[in-house]
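Presented below is the structure to which this report refers.
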Amino acid sequence: MADLREIVDVTAAVNDNETNVAELTYQWTASVGTFTGTGRTVTWTAPESATTPMTVTITLKVVEQYGHPGQPKTFSQEVSATQTLSL
């Protein structure tokens with residue numbers, strides 16, 4: 001649950017057996033509000049105004065870039081997850 005204009009810390013629990021989690025790309029989106037920061041831990045700021053109560057959907061897409069040993073990382077794999085909160 002969050003209030004209008006509230007800042008919320010958001011952290012993703014991620015593991016990957018082949019790639020260090022610091023080398024993954026994290027793409028955060030939300031149905032409303034904005035994100036600050038990059039990586040596994042960011043802050044989400046609720047909008048200044050909205051018709052409440054409403055459900056906010058936060059989505060994280062994690063992208064792994066990989067390639068053959070000693071070669072450029074030309075392949076990618078991605079996975080997404082969503083979470084909701086009440087505003």
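In the structure tokens, each chain is lettered A, B, ... as it comes, each chain's residues begin at 1, and ligands are numbered from 1 in order of appearance.
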
Contact residues around Trp44 (chain A) with only C-alpha atoms at 9 Å, ignoring same-chain residues under 3 positions, as a ChimeraX atom specification: /A:6-10,30,33-36

Can I get the selection written as a compact mmCIF listing (two decimals), in the first residue's frame, with all heavy atoms?
# COMPACT_ATOMS: atom_id res chain seq x y z
N GLU A 6 4.13 9.22 -2.28
CA GLU A 6 5.00 8.42 -1.41
C GLU A 6 6.13 7.79 -2.23
O GLU A 6 5.96 7.41 -3.38
CB GLU A 6 4.21 7.31 -0.73
CG GLU A 6 5.03 6.51 0.27
CD GLU A 6 4.20 5.54 1.10
OE1 GLU A 6 2.95 5.57 1.03
OE2 GLU A 6 4.81 4.75 1.82
N ILE A 7 7.30 7.69 -1.61
CA ILE A 7 8.46 7.05 -2.22
C ILE A 7 8.63 5.67 -1.58
O ILE A 7 8.69 5.56 -0.36
CB ILE A 7 9.73 7.90 -2.03
CG1 ILE A 7 9.55 9.24 -2.75
CG2 ILE A 7 10.96 7.17 -2.55
CD1 ILE A 7 10.65 10.24 -2.47
N VAL A 8 8.72 4.65 -2.42
CA VAL A 8 8.78 3.27 -1.95
C VAL A 8 10.05 2.62 -2.49
O VAL A 8 10.32 2.68 -3.70
CB VAL A 8 7.54 2.48 -2.43
CG1 VAL A 8 7.62 1.03 -2.00
CG2 VAL A 8 6.25 3.14 -1.95
N ASP A 9 10.84 1.99 -1.62
CA ASP A 9 12.00 1.22 -2.06
C ASP A 9 11.51 -0.12 -2.61
O ASP A 9 10.69 -0.79 -1.98
CB ASP A 9 12.96 0.96 -0.89
CG ASP A 9 13.63 2.23 -0.40
OD1 ASP A 9 13.89 3.13 -1.22
OD2 ASP A 9 13.89 2.33 0.81
N VAL A 10 12.02 -0.48 -3.78
CA VAL A 10 11.63 -1.72 -4.43
C VAL A 10 12.89 -2.52 -4.72
O VAL A 10 13.83 -2.01 -5.32
CB VAL A 10 10.87 -1.44 -5.75
CG1 VAL A 10 10.41 -2.74 -6.39
CG2 VAL A 10 9.70 -0.50 -5.52
N ALA A 30 5.85 0.76 -14.46
CA ALA A 30 4.68 0.75 -13.60
C ALA A 30 3.52 1.40 -14.33
O ALA A 30 3.72 2.24 -15.21
CB ALA A 30 4.96 1.49 -12.29
N GLY A 33 3.23 6.39 -11.82
CA GLY A 33 4.39 6.68 -10.98
C GLY A 33 5.67 6.60 -11.78
O GLY A 33 5.68 6.31 -12.98
N THR A 34 6.78 6.88 -11.10
CA THR A 34 8.08 6.89 -11.76
C THR A 34 9.12 6.13 -10.93
O THR A 34 8.98 6.00 -9.72
CB THR A 34 8.59 8.34 -11.95
OG1 THR A 34 8.65 8.98 -10.68
CG2 THR A 34 7.67 9.13 -12.87
N PHE A 35 10.16 5.68 -11.60
CA PHE A 35 11.26 4.99 -10.95
C PHE A 35 12.50 5.86 -10.96
O PHE A 35 12.76 6.60 -11.91
CB PHE A 35 11.58 3.67 -11.65
CG PHE A 35 10.54 2.61 -11.43
CD1 PHE A 35 9.54 2.41 -12.36
CD2 PHE A 35 10.55 1.85 -10.28
CE1 PHE A 35 8.57 1.45 -12.16
CE2 PHE A 35 9.58 0.89 -10.06
CZ PHE A 35 8.59 0.69 -11.00
N THR A 36 13.29 5.72 -9.90
CA THR A 36 14.60 6.36 -9.80
C THR A 36 15.60 5.27 -9.48
O THR A 36 15.35 4.43 -8.62
CB THR A 36 14.61 7.43 -8.69
OG1 THR A 36 13.57 8.37 -8.94
CG2 THR A 36 15.95 8.14 -8.64

Would you list, as number ranges by chain, the residues of region 29-84 of chain A that end up in strand (DSSP E or B) under DSSP run on this structure's backbone? A: 29-30, 34-36, 41-45, 55-66, 75-84

Which residue of A:Ser80, A:Ser31, A:Asn20, A:Ser49 approaches Val63 (chain A) most closely, using only C-alpha atoms: A:Ser80

Proximity to Glu18 (chain A) - best of A:Thr55, A:Thr38, A:Ser86, A:Gln65, only C-alpha atoms: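 Ranked by minimum distance to Glu18 (chain A), first place goes to A:Gln65.
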
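The residue that comes closest to Arg40 (chain A), out of A:Ala13, A:Leu4, A:Lys61, A:Leu85 and on the basis of only C-alpha atoms, is A:Ala13.
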
Extract, using only C-alpha atoms, all DNA, RNA and protein residues at most 12 Å from Thr84 (chain A), discarding same-chain residues fewer than 5 positions from it, and format them as a ChimeraX atom specification. /A:1-2,10,29-32,54-60

For the selection just defined, write its residues with N, CA, C and O atoms to a file, as a short mmCIF file (atom, residue, chain, number, x, y, z; two decimals), in the first residue's frame.
data_model
loop_
_atom_site.label_atom_id
_atom_site.label_comp_id
_atom_site.auth_asym_id
_atom_site.auth_seq_id
_atom_site.Cartn_x
_atom_site.Cartn_y
_atom_site.Cartn_z
N MET A 1 0.84 -1.17 0.00
CA MET A 1 0.00 0.00 0.00
C MET A 1 0.89 1.24 0.00
O MET A 1 1.93 1.26 0.66
N ALA A 2 0.47 2.25 -0.74
CA ALA A 2 1.22 3.51 -0.81
C ALA A 2 0.23 4.66 -0.91
O ALA A 2 -0.91 4.49 -1.35
N VAL A 10 12.02 -0.48 -3.78
CA VAL A 10 11.63 -1.72 -4.43
C VAL A 10 12.89 -2.52 -4.72
O VAL A 10 13.83 -2.01 -5.32
N THR A 29 8.99 -0.95 -14.94
CA THR A 29 7.88 -0.14 -15.42
C THR A 29 6.73 -0.24 -14.42
O THR A 29 6.66 -1.19 -13.63
N ALA A 30 5.85 0.76 -14.46
CA ALA A 30 4.68 0.75 -13.60
C ALA A 30 3.52 1.40 -14.33
O ALA A 30 3.72 2.24 -15.21
N SER A 31 2.31 1.02 -13.96
CA SER A 31 1.13 1.58 -14.60
C SER A 31 1.00 3.07 -14.30
O SER A 31 0.44 3.82 -15.11
N VAL A 32 1.47 3.53 -13.16
CA VAL A 32 1.55 4.95 -12.82
C VAL A 32 2.78 5.15 -11.95
O VAL A 32 3.32 4.21 -11.39
N MET A 54 -6.78 2.83 -6.20
CA MET A 54 -6.48 2.16 -7.46
C MET A 54 -5.40 1.11 -7.23
O MET A 54 -4.68 1.16 -6.25
N THR A 55 -5.31 0.17 -8.15
CA THR A 55 -4.28 -0.85 -8.11
C THR A 55 -3.18 -0.46 -9.08
O THR A 55 -3.44 -0.14 -10.24
N VAL A 56 -1.94 -0.46 -8.59
CA VAL A 56 -0.77 -0.15 -9.41
C VAL A 56 -0.05 -1.46 -9.71
O VAL A 56 0.18 -2.26 -8.81
N THR A 57 0.29 -1.64 -10.97
CA THR A 57 1.04 -2.82 -11.37
C THR A 57 2.48 -2.43 -11.66
O THR A 57 2.73 -1.54 -12.47
N ILE A 58 3.41 -3.05 -10.95
CA ILE A 58 4.84 -2.84 -11.16
C ILE A 58 5.39 -4.07 -11.87
O ILE A 58 5.13 -5.20 -11.44
N THR A 59 6.12 -3.84 -12.96
CA THR A 59 6.67 -4.94 -13.75
C THR A 59 8.18 -4.80 -13.83
O THR A 59 8.70 -3.70 -14.02
N LEU A 60 8.86 -5.91 -13.67
CA LEU A 60 10.31 -5.96 -13.84
C LEU A 60 10.62 -6.98 -14.92
O LEU A 60 10.18 -8.13 -14.86
#

Can you list, as a list of chain:residue names, every protein, DNA or RNA residue that comes within 6 Å of Arg5 (chain A) when you count only C-alpha atoms, leaving out same-chain residues fewer than 5 positions away?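 Listing them by chain and then by number gives A:Ala46, A:Pro47, A:Glu48.
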
Grab the residues selected above and save them as a short mmCIF file (atom, residue, chain, number, x, y, z; two decimals), in the first residue's frame with N, CA and C atoms.
data_model
loop_
_atom_site.label_atom_id
_atom_site.label_comp_id
_atom_site.auth_asym_id
_atom_site.auth_seq_id
_atom_site.Cartn_x
_atom_site.Cartn_y
_atom_site.Cartn_z
N ALA A 46 5.08 7.37 -6.13
CA ALA A 46 3.68 7.39 -6.50
C ALA A 46 3.34 8.74 -7.14
N PRO A 47 2.34 8.78 -8.01
CA PRO A 47 1.99 10.04 -8.65
C PRO A 47 1.49 11.06 -7.63
N GLU A 48 1.56 12.34 -8.02
CA GLU A 48 1.08 13.40 -7.14
C GLU A 48 -0.43 13.41 -7.05
#

In Å, how far is it from CA of Ala81 (chain A) to CA of His68 (chain A)? 27.4 Å
